[in-house]
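Colleague: The structure is given below, and queries will be raised subsequently.
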Amino acid sequence: MNKTIYFLIDCSGSMYGSRGDAVNTAMQKVVHEALPEIRSKKSDDLDLYFMALGFSDNGTGSNVIELMPKTALDDFNQWDNIDPETFSGGTPTGEAIQAVINDILGGTRGEPDKNAVSPAIILISDGLPNGEKPTYEEVLECAEKTSQNYQPAFRKALRVALGISVDEDGRESLKKFGSVSKKMADAGLKGYYDCSEEYVDEFVKILKSATIKASE
């Protein structure tokens, strides 16, 4: 069996500075603190992969960029900090989620892997989505059975949103993304967390915990 944990990281202009620094710090801690625990607990029959995508509509080309290619657990041993200049433009969250759905479904790599278990998606953002190709709401409909674009694999995915210094509107929007199974909820995982760049240790703790639980 194999499973992919996707990190979707908001690289819009409002993430520039301390928020972007907090994300890089948290990801570094995940590599050095969470991965050893995951390696020690992972079952032998599960192949675990990680992939990180950044999203912003800064007018330089694709609104979704590959921050880290899909990497096997044993090869994921460092995090290359996101260049501060990457943080610019708006917040096309819908496009980023669609990119993950495309990857889950096979995309340009062919048919979906029949040996794959439901993936996990960790979304980190500081505000309301504003992209339109597709919109955030349109993509979330892929998890609804009544939608023409319904995708069972996306519906079954473990989805966790981390709102970093968001206002109330941003918080309510990101909460719509979260979806955890009863098993994960019983283990203490939630679909949404409030984080802050002022309290990096708290942010690191939440992201590390979410990553460990997502790997189970």
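Letters for chains follow the order of the structure tokens (A, B, ...), residue numbers begin at 1 for each chain, and ligand numbers begin at 1 in the order shown.
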Report as a PyMOL selection string all protein, DNA and RNA residues lying within 7 Å of segment 40-50 of chain A, evaluated on only C-alpha atoms, omitting residues in the same chain fewer than 2 positions from it.

Modeller: chain A and resi 1-6+36-38+52+70-73

Colleague: Thr91 of chain A: which residues within 6 Å, counting only C-alpha atoms, same-chain residues fewer than 3 positions away excluded, as a list in words?

Modeller: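 So the residues in contact are Ser12, Ser56, Pro129 and Asn130 of chain A.
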
Colleague: Atom CA of Gln98 of chain A and atom CA of Leu8 of chain A, how far apart in Å?

Modeller: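 Atom-to-atom, atom CA of Leu8 of chain A to atom CA of Gln98 of chain A, that is 11.0 Å.
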
Colleague: Write out as a VMD selection string which residues come within 12 Å of Gln78 of chain A when counting only C-alpha atoms, dropping same-chain ones fewer than 2 positions away.

Modeller: chain A and resid 24 to 25 27 to 33 35 50 68 71 73 to 76 80 to 81

Colleague: Residues of segment 122-203 of chain A classed as strand (DSSP E) by DSSP on the backbone are to be reported as number ranges by chain.

Modeller: A: 122-125, 158-164, 192-195

Colleague: Hey, what's within 12 Å of segment 176-193 of chain A if we count only C-alpha atoms and toss same-chain stuff fewer than 6 positions away? As a ChimeraX atom specification, please?

Modeller: /A:8,93-94,97,118-126,128-129,136-143,154-166,169-170,202-216

Colleague: Output as a ChimeraX atom specification all residues of segment 124-181 of chain A that backbone DSSP marks as alpha helix (DSSP H).

Modeller: /A:136-140,152-156,168-175

Colleague: If I take atom CA of Ile104 of chain A and atom CA of Ile65 of chain A, how far is one from the other in Å, to one decimal?

Modeller: 16.6 Å
